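Reproduced below: my_file_22.cif, with mmCIF, N, CA and C atoms.
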```cif
data_final
#
loop_
_atom_site.label_atom_id
_atom_site.label_comp_id
_atom_site.auth_asym_id
_atom_site.auth_seq_id
_atom_site.Cartn_x
_atom_site.Cartn_y
_atom_site.Cartn_z
N MET A 1 133.83 -3.64 50.49
CA MET A 1 132.57 -4.37 50.45
C MET A 1 132.00 -4.28 49.04
N SER A 2 131.29 -5.29 48.65
CA SER A 2 130.73 -5.39 47.30
C SER A 2 129.65 -4.33 47.07
N ASP A 3 129.52 -3.89 45.82
CA ASP A 3 128.46 -2.95 45.45
C ASP A 3 127.09 -3.57 45.65
N LEU A 4 126.97 -4.87 45.49
CA LEU A 4 125.70 -5.55 45.68
C LEU A 4 125.21 -5.40 47.12
N ILE A 5 126.10 -5.53 48.05
CA ILE A 5 125.72 -5.39 49.46
C ILE A 5 125.22 -3.98 49.74
N ARG A 6 125.87 -2.99 49.15
CA ARG A 6 125.43 -1.60 49.35
C ARG A 6 124.07 -1.33 48.70
N GLU A 7 123.72 -2.11 47.69
CA GLU A 7 122.45 -1.93 46.99
C GLU A 7 121.26 -2.51 47.76
N VAL A 8 121.53 -3.46 48.63
CA VAL A 8 120.47 -4.12 49.40
C VAL A 8 120.03 -3.19 50.53
N THR A 9 118.73 -2.92 50.57
CA THR A 9 118.14 -2.04 51.57
C THR A 9 117.02 -2.79 52.29
N PRO A 10 116.38 -2.17 53.27
CA PRO A 10 115.24 -2.82 53.91
C PRO A 10 114.09 -3.13 52.94
N LEU A 11 114.07 -2.47 51.80
CA LEU A 11 113.02 -2.72 50.80
C LEU A 11 113.37 -3.86 49.85
N THR A 12 114.55 -4.43 49.97
CA THR A 12 114.96 -5.53 49.08
C THR A 12 114.32 -6.82 49.57
N LYS A 13 113.42 -7.34 48.78
CA LYS A 13 112.69 -8.57 49.13
C LYS A 13 113.37 -9.81 48.55
N GLY A 14 114.15 -9.61 47.49
CA GLY A 14 114.77 -10.78 46.87
C GLY A 14 115.91 -10.42 45.94
N ILE A 15 116.64 -11.46 45.59
CA ILE A 15 117.71 -11.37 44.61
C ILE A 15 117.55 -12.55 43.67
N VAL A 16 117.58 -12.27 42.38
CA VAL A 16 117.62 -13.32 41.38
C VAL A 16 119.03 -13.31 40.84
N TRP A 17 119.75 -14.40 41.00
CA TRP A 17 121.13 -14.49 40.53
C TRP A 17 121.16 -15.43 39.33
N LEU A 18 121.31 -14.86 38.16
CA LEU A 18 121.49 -15.65 36.94
C LEU A 18 122.99 -15.94 36.87
N ARG A 19 123.34 -17.15 37.25
CA ARG A 19 124.74 -17.48 37.50
C ARG A 19 125.31 -18.43 36.46
N PRO A 20 126.64 -18.44 36.34
CA PRO A 20 127.27 -19.40 35.43
C PRO A 20 127.17 -20.82 35.98
N GLU A 21 127.38 -21.79 35.11
CA GLU A 21 127.30 -23.19 35.53
C GLU A 21 128.33 -23.50 36.61
N VAL A 22 129.53 -23.02 36.41
CA VAL A 22 130.58 -23.21 37.41
C VAL A 22 130.78 -21.88 38.11
N ILE A 23 130.59 -21.88 39.41
CA ILE A 23 130.76 -20.63 40.15
C ILE A 23 131.97 -20.73 41.06
N SER A 24 132.59 -19.60 41.25
CA SER A 24 133.75 -19.52 42.12
C SER A 24 133.32 -18.92 43.45
N SER A 25 133.73 -19.57 44.51
CA SER A 25 133.40 -19.04 45.83
C SER A 25 134.17 -17.76 46.12
N GLN A 26 135.03 -17.36 45.20
CA GLN A 26 135.79 -16.12 45.36
C GLN A 26 135.25 -14.98 44.50
N SER A 27 134.20 -15.23 43.70
CA SER A 27 133.65 -14.17 42.86
C SER A 27 132.91 -13.15 43.73
N ASP A 28 132.88 -11.91 43.28
CA ASP A 28 132.23 -10.84 44.04
C ASP A 28 130.77 -11.14 44.36
N HIS A 29 130.02 -11.60 43.36
CA HIS A 29 128.60 -11.84 43.59
C HIS A 29 128.39 -13.03 44.53
N TYR A 30 129.17 -14.07 44.38
CA TYR A 30 129.07 -15.21 45.29
C TYR A 30 129.32 -14.76 46.73
N LEU A 31 130.40 -14.06 46.94
CA LEU A 31 130.76 -13.61 48.29
C LEU A 31 129.70 -12.69 48.88
N ALA A 32 129.16 -11.79 48.07
CA ALA A 32 128.14 -10.86 48.56
C ALA A 32 126.86 -11.60 48.94
N ILE A 33 126.42 -12.50 48.07
CA ILE A 33 125.19 -13.24 48.35
C ILE A 33 125.38 -14.15 49.55
N ASP A 34 126.52 -14.80 49.64
CA ASP A 34 126.80 -15.65 50.80
C ASP A 34 126.82 -14.83 52.09
N TYR A 35 127.38 -13.64 52.02
CA TYR A 35 127.41 -12.74 53.17
C TYR A 35 125.98 -12.36 53.59
N LEU A 36 125.16 -11.99 52.62
CA LEU A 36 123.78 -11.60 52.91
C LEU A 36 122.96 -12.75 53.50
N LEU A 37 123.35 -13.98 53.17
CA LEU A 37 122.64 -15.16 53.66
C LEU A 37 123.35 -15.82 54.84
N ASN A 38 124.31 -15.14 55.43
CA ASN A 38 125.05 -15.67 56.58
C ASN A 38 125.66 -17.04 56.32
N GLY A 39 126.23 -17.22 55.13
CA GLY A 39 126.94 -18.46 54.81
C GLY A 39 126.06 -19.58 54.27
N LEU A 40 124.77 -19.33 54.11
CA LEU A 40 123.86 -20.36 53.63
C LEU A 40 124.17 -20.81 52.20
N LEU A 41 124.62 -19.90 51.35
CA LEU A 41 124.96 -20.26 49.98
C LEU A 41 126.09 -21.29 49.97
N THR A 42 127.13 -21.05 50.72
CA THR A 42 128.25 -21.99 50.78
C THR A 42 127.80 -23.32 51.34
N ALA A 43 126.98 -23.29 52.37
CA ALA A 43 126.50 -24.53 52.98
C ALA A 43 125.69 -25.37 52.00
N THR A 44 124.87 -24.74 51.17
CA THR A 44 124.05 -25.49 50.23
C THR A 44 124.83 -25.91 48.98
N GLU A 45 125.83 -25.13 48.58
CA GLU A 45 126.61 -25.48 47.41
C GLU A 45 127.41 -26.77 47.60
N LYS A 46 127.79 -27.07 48.83
CA LYS A 46 128.56 -28.28 49.10
C LYS A 46 127.76 -29.54 48.78
N ASN A 47 126.47 -29.50 48.96
CA ASN A 47 125.61 -30.66 48.73
C ASN A 47 124.71 -30.48 47.51
N LYS A 48 125.11 -29.64 46.60
CA LYS A 48 124.26 -29.25 45.49
C LYS A 48 124.13 -30.34 44.43
N THR A 49 122.88 -30.63 44.08
CA THR A 49 122.61 -31.54 42.98
C THR A 49 121.74 -30.86 41.92
N ASN A 50 121.06 -29.77 42.29
CA ASN A 50 120.19 -29.06 41.36
C ASN A 50 120.93 -27.87 40.74
N GLN A 51 120.42 -27.43 39.60
CA GLN A 51 120.98 -26.26 38.94
C GLN A 51 120.34 -24.98 39.45
N THR A 52 119.27 -25.11 40.20
CA THR A 52 118.54 -23.95 40.71
C THR A 52 118.39 -24.09 42.22
N SER A 53 118.54 -22.96 42.91
CA SER A 53 118.37 -22.94 44.37
C SER A 53 117.46 -21.79 44.75
N LEU A 54 116.66 -22.03 45.76
CA LEU A 54 115.90 -20.96 46.40
C LEU A 54 116.32 -20.96 47.85
N LEU A 55 116.96 -19.89 48.26
CA LEU A 55 117.43 -19.76 49.64
C LEU A 55 116.68 -18.62 50.30
N ILE A 56 116.37 -18.78 51.56
CA ILE A 56 115.65 -17.75 52.30
C ILE A 56 116.50 -17.34 53.49
N GLY A 57 116.78 -16.04 53.57
CA GLY A 57 117.57 -15.50 54.67
C GLY A 57 116.83 -14.36 55.33
N GLN A 58 117.56 -13.60 56.12
CA GLN A 58 116.99 -12.43 56.81
C GLN A 58 117.69 -11.17 56.32
N ASN A 59 116.91 -10.14 56.07
CA ASN A 59 117.42 -8.85 55.64
C ASN A 59 116.67 -7.79 56.43
N PHE A 60 117.37 -7.12 57.35
CA PHE A 60 116.72 -6.12 58.19
C PHE A 60 115.48 -6.70 58.88
N ASN A 61 115.61 -7.89 59.43
CA ASN A 61 114.55 -8.60 60.15
C ASN A 61 113.34 -8.94 59.29
N ARG A 62 113.53 -9.03 57.99
CA ARG A 62 112.48 -9.48 57.06
C ARG A 62 113.07 -10.58 56.20
N LYS A 63 112.22 -11.41 55.64
CA LYS A 63 112.69 -12.46 54.75
C LYS A 63 113.28 -11.85 53.49
N ILE A 64 114.36 -12.48 53.01
CA ILE A 64 114.89 -12.15 51.70
C ILE A 64 115.03 -13.47 50.95
N TYR A 65 114.53 -13.50 49.73
CA TYR A 65 114.56 -14.68 48.90
C TYR A 65 115.68 -14.54 47.87
N VAL A 66 116.52 -15.55 47.79
CA VAL A 66 117.57 -15.56 46.77
C VAL A 66 117.31 -16.74 45.85
N PHE A 67 117.02 -16.45 44.61
CA PHE A 67 116.76 -17.45 43.59
C PHE A 67 117.98 -17.48 42.69
N ALA A 68 118.74 -18.56 42.75
CA ALA A 68 119.96 -18.68 41.95
C ALA A 68 119.74 -19.75 40.89
N THR A 69 119.95 -19.37 39.65
CA THR A 69 119.73 -20.31 38.55
C THR A 69 120.71 -20.03 37.42
N MET A 70 120.90 -21.06 36.61
CA MET A 70 121.74 -20.89 35.42
C MET A 70 120.89 -20.29 34.31
N LYS A 71 121.49 -20.08 33.18
CA LYS A 71 120.80 -19.38 32.10
C LYS A 71 119.51 -20.07 31.66
N GLU A 72 119.48 -21.39 31.73
CA GLU A 72 118.27 -22.13 31.35
C GLU A 72 117.21 -21.94 32.42
N LEU A 73 116.16 -21.23 32.09
CA LEU A 73 115.11 -20.90 33.07
C LEU A 73 113.99 -21.93 32.98
N LYS A 74 113.65 -22.52 34.10
CA LYS A 74 112.59 -23.53 34.15
C LYS A 74 111.31 -22.88 34.66
N LYS A 75 110.30 -22.92 33.83
CA LYS A 75 109.05 -22.22 34.12
C LYS A 75 108.41 -22.66 35.44
N THR A 76 108.42 -23.95 35.75
CA THR A 76 107.78 -24.41 36.99
C THR A 76 108.48 -23.84 38.22
N GLU A 77 109.82 -23.80 38.19
CA GLU A 77 110.56 -23.24 39.31
C GLU A 77 110.32 -21.75 39.45
N LEU A 78 110.29 -21.06 38.32
CA LEU A 78 110.04 -19.62 38.34
C LEU A 78 108.62 -19.29 38.82
N THR A 79 107.66 -20.07 38.39
CA THR A 79 106.28 -19.85 38.82
C THR A 79 106.16 -19.98 40.33
N SER A 80 106.82 -20.97 40.90
CA SER A 80 106.81 -21.15 42.35
C SER A 80 107.47 -19.96 43.05
N PHE A 81 108.59 -19.51 42.50
CA PHE A 81 109.30 -18.37 43.07
C PHE A 81 108.44 -17.11 43.01
N PHE A 82 107.83 -16.86 41.87
CA PHE A 82 106.99 -15.67 41.72
C PHE A 82 105.79 -15.70 42.68
N SER A 83 105.17 -16.84 42.85
CA SER A 83 104.01 -16.91 43.75
C SER A 83 104.44 -16.72 45.20
N LEU A 84 105.61 -17.22 45.57
CA LEU A 84 106.14 -17.01 46.91
C LEU A 84 106.42 -15.52 47.15
N LEU A 85 107.03 -14.87 46.18
CA LEU A 85 107.31 -13.44 46.28
C LEU A 85 106.02 -12.62 46.39
N GLU A 86 105.06 -12.96 45.55
CA GLU A 86 103.82 -12.19 45.50
C GLU A 86 103.10 -12.18 46.84
N LYS A 87 103.14 -13.29 47.55
CA LYS A 87 102.48 -13.38 48.86
C LYS A 87 103.14 -12.48 49.89
N ASP A 88 104.42 -12.20 49.71
CA ASP A 88 105.20 -11.48 50.72
C ASP A 88 105.59 -10.06 50.29
N MET A 89 105.18 -9.65 49.09
CA MET A 89 105.62 -8.39 48.51
C MET A 89 104.73 -7.23 48.93
N ASN A 90 105.37 -6.13 49.33
CA ASN A 90 104.66 -4.87 49.62
C ASN A 90 104.88 -3.90 48.48
N GLY A 91 104.19 -2.79 48.49
CA GLY A 91 104.22 -1.83 47.40
C GLY A 91 105.58 -1.35 46.94
N GLU A 92 106.49 -1.05 47.85
CA GLU A 92 107.79 -0.49 47.47
C GLU A 92 108.92 -1.52 47.48
N ASP A 93 108.62 -2.77 47.79
CA ASP A 93 109.66 -3.80 47.81
C ASP A 93 110.27 -3.98 46.43
N LYS A 94 111.54 -4.39 46.42
CA LYS A 94 112.22 -4.60 45.14
C LYS A 94 112.96 -5.93 45.16
N VAL A 95 113.20 -6.42 43.96
CA VAL A 95 113.97 -7.64 43.74
C VAL A 95 115.09 -7.28 42.77
N LEU A 96 116.31 -7.58 43.17
CA LEU A 96 117.47 -7.28 42.33
C LEU A 96 117.78 -8.45 41.41
N ILE A 97 118.09 -8.17 40.17
CA ILE A 97 118.52 -9.18 39.21
C ILE A 97 120.02 -9.03 39.04
N VAL A 98 120.76 -10.05 39.42
CA VAL A 98 122.21 -10.08 39.28
C VAL A 98 122.51 -11.02 38.12
N ASP A 99 122.97 -10.49 37.01
CA ASP A 99 123.11 -11.26 35.78
C ASP A 99 124.58 -11.50 35.45
N ASP A 100 125.03 -12.73 35.66
CA ASP A 100 126.41 -13.10 35.33
C ASP A 100 126.51 -13.92 34.05
N VAL A 101 125.38 -14.12 33.36
CA VAL A 101 125.39 -14.96 32.15
C VAL A 101 124.65 -14.33 30.97
N GLU A 102 124.37 -13.04 31.06
CA GLU A 102 123.64 -12.34 29.99
C GLU A 102 122.27 -12.98 29.73
N GLY A 103 121.55 -13.29 30.80
CA GLY A 103 120.25 -13.91 30.66
C GLY A 103 119.09 -13.05 31.09
N ARG A 104 119.35 -11.79 31.39
CA ARG A 104 118.30 -10.94 31.94
C ARG A 104 117.16 -10.67 30.96
N GLU A 105 117.45 -10.57 29.67
CA GLU A 105 116.38 -10.30 28.71
C GLU A 105 115.35 -11.42 28.71
N ALA A 106 115.82 -12.66 28.70
CA ALA A 106 114.90 -13.80 28.75
C ALA A 106 114.16 -13.83 30.07
N PHE A 107 114.84 -13.52 31.15
CA PHE A 107 114.21 -13.53 32.46
C PHE A 107 113.13 -12.46 32.57
N LEU A 108 113.42 -11.26 32.10
CA LEU A 108 112.46 -10.15 32.19
C LEU A 108 111.16 -10.46 31.45
N LYS A 109 111.24 -11.28 30.40
CA LYS A 109 110.04 -11.64 29.62
C LYS A 109 109.13 -12.61 30.38
N ILE A 110 109.67 -13.29 31.37
CA ILE A 110 108.92 -14.30 32.11
C ILE A 110 108.23 -13.74 33.35
N ILE A 111 108.70 -12.62 33.84
CA ILE A 111 108.15 -12.03 35.07
C ILE A 111 106.69 -11.63 34.84
N PRO A 112 105.80 -12.04 35.74
CA PRO A 112 104.39 -11.64 35.60
C PRO A 112 104.26 -10.11 35.64
N GLU A 113 103.34 -9.60 34.86
CA GLU A 113 103.15 -8.15 34.73
C GLU A 113 102.96 -7.45 36.07
N LYS A 114 102.22 -8.08 36.98
CA LYS A 114 101.94 -7.44 38.27
C LYS A 114 103.17 -7.34 39.17
N LEU A 115 104.23 -8.10 38.88
CA LEU A 115 105.46 -8.04 39.66
C LEU A 115 106.59 -7.29 38.96
N LEU A 116 106.44 -7.05 37.69
CA LEU A 116 107.53 -6.50 36.87
C LEU A 116 108.13 -5.21 37.42
N SER A 117 107.33 -4.32 37.94
CA SER A 117 107.85 -3.03 38.44
C SER A 117 108.75 -3.19 39.66
N HIS A 118 108.69 -4.33 40.32
CA HIS A 118 109.51 -4.57 41.51
C HIS A 118 110.93 -5.04 41.16
N PHE A 119 111.14 -5.50 39.94
CA PHE A 119 112.43 -6.07 39.54
C PHE A 119 113.33 -4.98 38.98
N HIS A 120 114.59 -4.98 39.45
CA HIS A 120 115.58 -4.00 39.02
C HIS A 120 116.87 -4.73 38.71
N VAL A 121 117.48 -4.39 37.58
CA VAL A 121 118.74 -5.02 37.19
C VAL A 121 119.87 -4.36 37.96
N PHE A 122 120.65 -5.17 38.66
CA PHE A 122 121.83 -4.68 39.36
C PHE A 122 122.97 -4.61 38.37
N ARG A 123 123.63 -3.48 38.30
CA ARG A 123 124.76 -3.31 37.37
C ARG A 123 126.03 -3.10 38.12
#
```
Once more with this new file: its structure as C-alpha cells, please.
Amino acid sequence: MSDLIREVTPLTKGIVWLRPEVISSQSDHYLAIDYLLNGLLTATEKNKTNQTSLLIGQNFNRKIYVFATMKELKKTELTSFFSLLEKDMNGEDKVLIVDDVEGREAFLKIIPEKLLSHFHVFR
C-alpha cells in the first residue's frame, strides 16, 4: 500500500496534489488518491477538460477535499478551495501537500496565514 494512504488519518481534511500535466493512472500518487476517493479520480479524468479538479470524498465518515492542479496556480480556484476548507476545518485537522512538480514553495506562499499551520508536505 502507498505511503500516502498510511499518512491519511481521521484528522486529514484534504489533499492538495500538485501534479504533472500528463498523469499516469499507474503512478503511486494517482493510485493512492483514486483509492481514497473510491475511484472518483479515474471517473473524472476520463471527461477532464480543466487543468484543476476539486473532488470531495469520504474519509473516516468525514468529508475529504482533494484539490488537484498543475504547477500553474490560479488564484480564483485556490481562493474558493481555501474558503471551502476554512468552513469545514477543525483545530487539529490537516491538509497534505503532495508535490509531483516541485511547486510547493509557490503554493505555500499563497496559503492564507490562518490556514497555514494545517498544511503539511507529504514526502
Those in chain A with strand (DSSP E or B) from DSSP, as a PyMOL selection string: chain A and resi 12-18+53-59+62-69+94-99+119-122
Just the number, please: distance in Å from atom C of A:Val95 to atom C of A:Leu4, one decimal.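 According to the coordinates, atom C of A:Val95 and atom C of A:Leu4 are separated by 11.2 Å.
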Between A:Gly91, A:Phe60, A:Val98, A:His29, which has the minimum distance to A:Ser117 (counting only C-alpha atoms)?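 Using only C-alpha atoms, A:Ser117 sits closest to A:Gly91.
Evaluated against this file, the PyMOL selection byres ((chain A and resi 5-22) around 5) yields Ser2, Asp3, Leu4, Ile23, Ser24, Ile64, Tyr65, Val66, Phe67, Ala68, Thr69, Met70, Asp93, Lys94, Val95, Leu96, Ile97, Val98, Asp99, Asp100 and Val101 of chain A.
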Separating atom CA of A:Leu108 from atom CA of A:Glu72, to the nearest tenth of an Å, is a gap of 13.3 Å
In Å, rounded to a single decimal, give me how far atom N of A:Asn61 is from atom CA of A:Ser80. 23.3 Å
Can you work out which one of A:Asn59, A:Glu86, A:Glu92, A:Thr76 has the shortest atom-to-atom distance to A:Leu115, counting all atoms listed in the file? A:Glu86
Using all atoms of stretch 94-100 of chain A that appear in the file, construct an axis-aligned enclosing box with 6 Å of padding on every side and provide its centre coordinates and edge lengths in Å, rounded to one decimal, as lines of an AutoDock Vina configuration file.
```
center_x = 119.0
center_y = -9.2
center_z = 40.2
size_x = 27.0
size_y = 21.5
size_z = 24.4
```
Among chain A, which residues carry a DSSP assignment of helix (DSSP H, G or I), reported as number ranges by chain? A: 3-7, 28-36, 40-45, 75-88, 104-110, 113-116
Got a sec: who's within 8 Å of A:Leu73, counting all atoms listed in the file, leaving out chain neighbours fewer than 5 positions off, as a PyMOL selection string? chain A and resi 78+106-107
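Proximity ranking of A:Val121, A:Leu31, A:Ala43, A:Ile110 relative to A:Glu77 places A:Ile110 first, based on only C-alpha atoms.
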Restricting the calculation to only C-alpha atoms, which member of A:Ser53, A:Gln58, A:Ile33, A:Asp28 is positioned closest to A:Lys74? A:Ser53
Rank A:Lys63, A:Leu54, A:Tyr35, A:Lys46 by their smallest atom-to-atom distance to A:Lys87, using only C-alpha atoms, and report the top residue only.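 Of A:Lys63, A:Leu54, A:Tyr35, A:Lys46, the one nearest A:Lys87 is A:Lys63, counting only C-alpha atoms.
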